[in-house]
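Some notes on the structure that comes next.
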Amino acid sequence: MKIWIQALAGLLLVALLQPAGSAPVEDGYDLWLRYRALPPAPQAQLLARARRIVHAEPASPTLQAAVAELKRGVAGLTGREPASSAQPVDGALMLVTPANAPAGVELPWGQLGREGHVLRSLRLGGRAVTLIAANTDVGLLYGSFAWLRAAQTGIDLSRLDQRAVPQVGLRLLNHWDNLDRTVERGYAGASIWDWWKLPGILDARYKDYARANASLGLNGTVLNNVNAKADSLTAPFLAKAAALAHVFRPYGIKVWLSARFSAPVELGGLTTADPLDPAVRAWWKAKADEIYRTIPDFGGFLVKANSEGQPGPQDYGRNHADGANMLAEALAPHGGRVMWRAFVYAPDASDRAAQGHAEFQPLDGRFAANVIVQVKNGAIDFQPREPFHPLFGAMPRTPLALELQITKEYLGFSTHLVYLGPLFEEVLRARPDGATVAQHVQAIAGVANVGTDRNWSGSDFDQANWYAFGRMAWDPGLASADVAREWVQQTFTSAPRAVDSIVAMMTASREAVVDYMTPLGLHHLMGTGHHHGPAPWVDNLERADWNPVYFHRAGRDGIGFDRSPRGSNAVAQYAPAWAARLSRPETTPEAWLLWFHHLPWDYRMASGRSLWAELVARYDRGVESVGALRVQWAGLRGHIDARRHADVAAHLAVQEQEARWWRDACIAYFQSVSGLPLPAGVRPPEQPLDAYKALRFNFAPGRGG
Ligand code: BDP
């Protein structure tokens, strides 16, 4: 017995003592901030450029964070941690603001604003140095992350001359996190906010979360779900939010809260939350004062009102502007803002896609200066593909925010590999009129995909969606493929062939999900409530506009939602050139065809196929694309650390099964309504339609509390 115990203990010891210098096990926790050792040549180049770090003393907490990150990064990438120095020695990395910039160097201070930065390598008094220059310490922090990114993405550090200034002022994550730590539409574990233990106990994750966001230039975070509980505005919860704000402050991140419109009734004991009632206004003013006493740099409120059962000004016969302006007035003396969501749809609306514009556009110009109307990228709800929302370009006198969803509620949760960069790019670059959506907005918000899973996002590749959101919010001009490339280089490998292969996978993945879920402009075909899997047959929900049949309108005569002038005429909400284009199927982009038109099954497509044959072909193409992703990933074995390789491979195997399921269930259903035979050579669905209809997912994640 004793011998056995000794032998076991010996084995354990061997397992625990890894050979010196062996690579750490990759569990995804470090995100894109891994800083693993570079190959010898880039390592030498980096060392020559980071012998010492020169910075102002005493350093503010933000400057300390920048210096600490540089030291950590250089130490990881080269094995040697640079010391701080007061002198610009040869090879110095110098963090400079106008207060300590070296004389004689021309820098474009006037163009950098509060958050912009310059990276420049130059010779100073005969010494080779690198300047990270910004007007503020937070600019230096962003510049430090940018320099570390350059060091890891093959950029020549001896010829640096980069300037980066964010184009959109407010760049936020929206957490749909509940106070009991469940996360609405969260697929990465529980909420990272341990409300119960806050404010006394601070999880180390909070700081790493802040580092990750700062590395992307995100400058705000809404802590709680838009389906808000009033409790989040009580003193105990404000103290908890303040503790988080304290951790985030050095990283340039402001805390925001979702506010429940009826809080004056629920917390204040008032009989009404009518925004024009003086007592209600006084309550919110006092609440705002209390919040700013607790969190002096509080960002403001995010509000979901009169949407999906949430309380709002319409409960009192008032409109969205009345509600938003009342909150804005309370926050204004403190510099706070209101993000008022335009995600609304009335039970009696004849076309849900037209509702947001119908309620909000007439209010253009009536919102207070510190209100921003937050609009989802499309008019329905974060589908795999939607045309840009008709409110972009339609409210020229109102600041707008673009809301994107990083968590993949309708795109396979955190199981499917779907890189969202191309989706973000599509909407940011869409041109409602002379300007792009990105040019029309003053804020960009992303519904977070962060949770307590060790890898933060539920899968390795879902980290890329957080990354792409942040990078593209900072610079909407970035190409999604370039963002994917730099993410891969920092996250997986810098070996060029492997990088190319992974970037190709990521780029293809978005079109694949559109094809195997909702091709040709179809939308909202998913299962009820949990939104997992296909259910195009659902027709019995309480509200018409919750049913997939409402959206696809498939029957013997054809398929698609007629939003042309012959139908709901939602196209009229777009600027005239778009309205004209979208009114006719021949001039509507094929990717949006069934979003705007109801067409017969034998409608001739650009490919020469009938609509029915094209639809089937798209479903098949989607499944084949996932098969191709699996093959490509299998070819990367040996280039990627074993644990993450196996994990991604397992996810892709499930994705392929689920893509097949989507294809088979949708084809079986549409065939049952069209009555058409399958085109020649097409594989019939594996199961009869009823088998798909019978599936239940009572415990699917993400439904919140
Ligand atoms: C939908 C979600 C729901 C959210 C809602 C919203 O299914 O959970 O509360 O949007 O954005 O995407 O308010």
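Each chain in the structure tokens gets a letter, A, B, ..., in the order shown, and its residues are numbered from 1; ligands are numbered from 1 in order too.
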
Report task. Might you pull out every residue within 6 Å of segment 109-123 of chain A, with only C-alpha atoms counted and same-chain residues fewer than 4 positions away left off, and present them as a list in words? Result ->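 My reading of the contact set: Arg127, Ala128, Val129, Thr130, Leu131, Ile132, Ala133, Ala134, Gly139, Gly143, Ser158, Arg159, Leu160, Asp161, Gln162, Arg163, Ala164 and Val165 of chain A.
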
Requested in this report: Output the neighbourhood of ligand 1 as a PyMOL selection string, that is, all protein and nucleic acid residues with some atom at most 9 Å from the ligand, counting only C-alpha atoms and all ligand atoms.
Outcome: chain A and resi 176+184-185+225-227+304+307-308+341+343-344+376+380-383+405+409-410+447+529-531+702-704

Query raised in the report: Quick one: of A:Leu238, A:Gly323, A:Arg205, A:Phe392, who's nearest to His357 of chain A, counting only C-alpha atoms?
Result: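 Selected residue with least distance to His357 of chain A: A:Phe392.
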
**Report entry** Gap from atom CA of Gly309 of chain A to atom CA of Arg543 of chain A - Å, one decimal
**Finding:**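 Atom CA of Arg543 of chain A lies at a distance of 12.6 Å from atom CA of Gly309 of chain A.
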
Among segment 133-337 of chain A, which residues does DSSP mark as alpha helix (DSSP H) when it is run on the backbone? Keep the chain and numbering as in the structure and answer as a short mmCIF file (atom, residue, chain, number, x, y, z; two decimals) with C-alpha atoms, in the first residue's frame.
```cif
data_model
loop_
_atom_site.label_atom_id
_atom_site.label_comp_id
_atom_site.auth_asym_id
_atom_site.auth_seq_id
_atom_site.Cartn_x
_atom_site.Cartn_y
_atom_site.Cartn_z
CA ASP A 137 -1.31 59.30 -20.66
CA VAL A 138 -4.20 57.27 -22.03
CA GLY A 139 -2.89 58.08 -25.51
CA LEU A 140 0.47 56.71 -24.38
CA LEU A 141 -1.22 53.56 -23.11
CA TYR A 142 -2.90 53.01 -26.49
CA GLY A 143 0.41 53.79 -28.19
CA SER A 144 2.22 51.24 -26.03
CA PHE A 145 -0.23 48.54 -27.02
CA ALA A 146 0.13 49.60 -30.66
CA TRP A 147 3.92 49.32 -30.42
CA LEU A 148 3.64 45.83 -28.90
CA ARG A 149 1.26 44.87 -31.70
CA ALA A 150 3.73 46.16 -34.28
CA ALA A 151 6.48 44.13 -32.62
CA GLN A 152 4.45 40.95 -32.99
CA ARG A 205 -9.78 39.07 -14.05
CA TYR A 206 -11.05 42.62 -13.78
CA LYS A 207 -7.63 44.03 -14.47
CA ASP A 208 -6.94 41.60 -17.30
CA TYR A 209 -10.30 42.50 -18.81
CA ALA A 210 -9.30 46.17 -18.66
CA ARG A 211 -5.92 45.44 -20.27
CA ALA A 212 -7.60 43.53 -23.09
CA ASN A 213 -10.07 46.34 -23.77
CA ALA A 214 -7.42 49.05 -23.55
CA SER A 215 -5.25 47.11 -26.01
CA LEU A 216 -8.06 47.65 -28.52
CA ALA A 235 -26.37 52.33 -3.12
CA PRO A 236 -24.92 48.83 -2.54
CA PHE A 237 -24.73 48.12 -6.27
CA LEU A 238 -23.33 51.56 -7.03
CA ALA A 239 -20.53 50.79 -4.56
CA LYS A 240 -19.84 47.57 -6.48
CA ALA A 241 -19.83 49.41 -9.81
CA ALA A 242 -17.50 52.00 -8.26
CA ALA A 243 -15.03 49.28 -7.29
CA LEU A 244 -14.95 48.10 -10.91
CA ALA A 245 -14.62 51.70 -12.13
CA HIS A 246 -11.59 52.06 -9.86
CA VAL A 247 -9.89 49.06 -11.51
CA PHE A 248 -10.77 50.25 -15.03
CA ALA A 263 -36.80 52.84 -11.11
CA PRO A 264 -38.49 55.90 -9.51
CA VAL A 265 -41.49 53.68 -8.79
CA GLU A 266 -39.56 50.57 -7.79
CA PRO A 278 -41.61 66.98 -11.57
CA ALA A 279 -41.20 64.42 -8.78
CA VAL A 280 -39.88 61.85 -11.27
CA ARG A 281 -37.44 64.37 -12.69
CA ALA A 282 -36.26 65.28 -9.20
CA TRP A 283 -35.76 61.60 -8.37
CA TRP A 284 -33.51 61.05 -11.39
CA LYS A 285 -31.57 64.24 -10.66
CA ALA A 286 -30.89 63.11 -7.12
CA LYS A 287 -29.96 59.64 -8.39
CA ALA A 288 -27.53 61.09 -10.92
CA ASP A 289 -25.95 63.25 -8.19
CA GLU A 290 -25.56 60.18 -5.98
CA ILE A 291 -23.99 58.17 -8.81
CA TYR A 292 -21.44 60.89 -9.55
CA ARG A 293 -20.55 61.18 -5.88
CA THR A 294 -19.73 57.45 -6.01
CA HIS A 320 -38.85 58.39 -26.64
CA ALA A 321 -37.48 61.93 -26.73
CA ASP A 322 -39.41 62.86 -23.57
CA GLY A 323 -37.95 59.86 -21.77
CA ALA A 324 -34.39 60.26 -23.00
CA ASN A 325 -34.30 64.02 -22.42
CA MET A 326 -35.41 63.67 -18.81
CA LEU A 327 -32.49 61.33 -18.06
CA ALA A 328 -30.17 63.51 -20.12
CA GLU A 329 -31.10 66.54 -18.04
CA ALA A 330 -30.20 64.69 -14.84
CA LEU A 331 -26.81 63.61 -16.20
#
```

Can you pull out every residue within 7 Å of Val623 of chain A, counting only C-alpha atoms, but drop anything in the same chain fewer than 2 positions away, and send it as a tab-separated table (two decimals) with N, CA and C atoms, in the first residue's frame?
```tsv
chain	number	residue	atom	x	y	z
A	516	TYR	N	-25.55	28.33	-44.63
A	516	TYR	CA	-26.20	27.15	-44.04
A	516	TYR	C	-27.34	27.50	-43.08
A	619	TYR	N	-27.59	26.27	-49.40
A	619	TYR	CA	-27.50	25.45	-48.19
A	619	TYR	C	-26.36	24.43	-48.33
A	620	ASP	N	-26.28	23.82	-49.51
A	620	ASP	CA	-25.20	22.83	-49.73
A	620	ASP	C	-23.83	23.49	-49.64
A	621	ARG	N	-23.72	24.65	-50.23
A	621	ARG	CA	-22.43	25.34	-50.21
A	621	ARG	C	-22.01	25.66	-48.78
A	625	SER	N	-18.62	24.40	-47.06
A	625	SER	CA	-17.61	25.34	-46.55
A	625	SER	C	-17.14	24.93	-45.16
A	626	VAL	N	-18.06	24.45	-44.33
A	626	VAL	CA	-17.63	24.03	-42.98
A	626	VAL	C	-16.75	22.78	-43.09
A	627	GLY	N	-17.10	21.90	-44.02
A	627	GLY	CA	-16.23	20.73	-44.26
A	627	GLY	C	-14.82	21.19	-44.63
A	656	GLU	N	-20.00	21.29	-38.07
A	656	GLU	CA	-20.38	20.62	-39.32
A	656	GLU	C	-21.70	19.86	-39.15
A	659	ALA	N	-24.43	22.47	-39.05
A	659	ALA	CA	-24.66	23.08	-40.37
A	659	ALA	C	-25.53	22.14	-41.21
A	660	ARG	N	-25.22	20.85	-41.13
A	660	ARG	CA	-26.00	19.84	-41.85
A	660	ARG	C	-27.44	19.83	-41.36
```
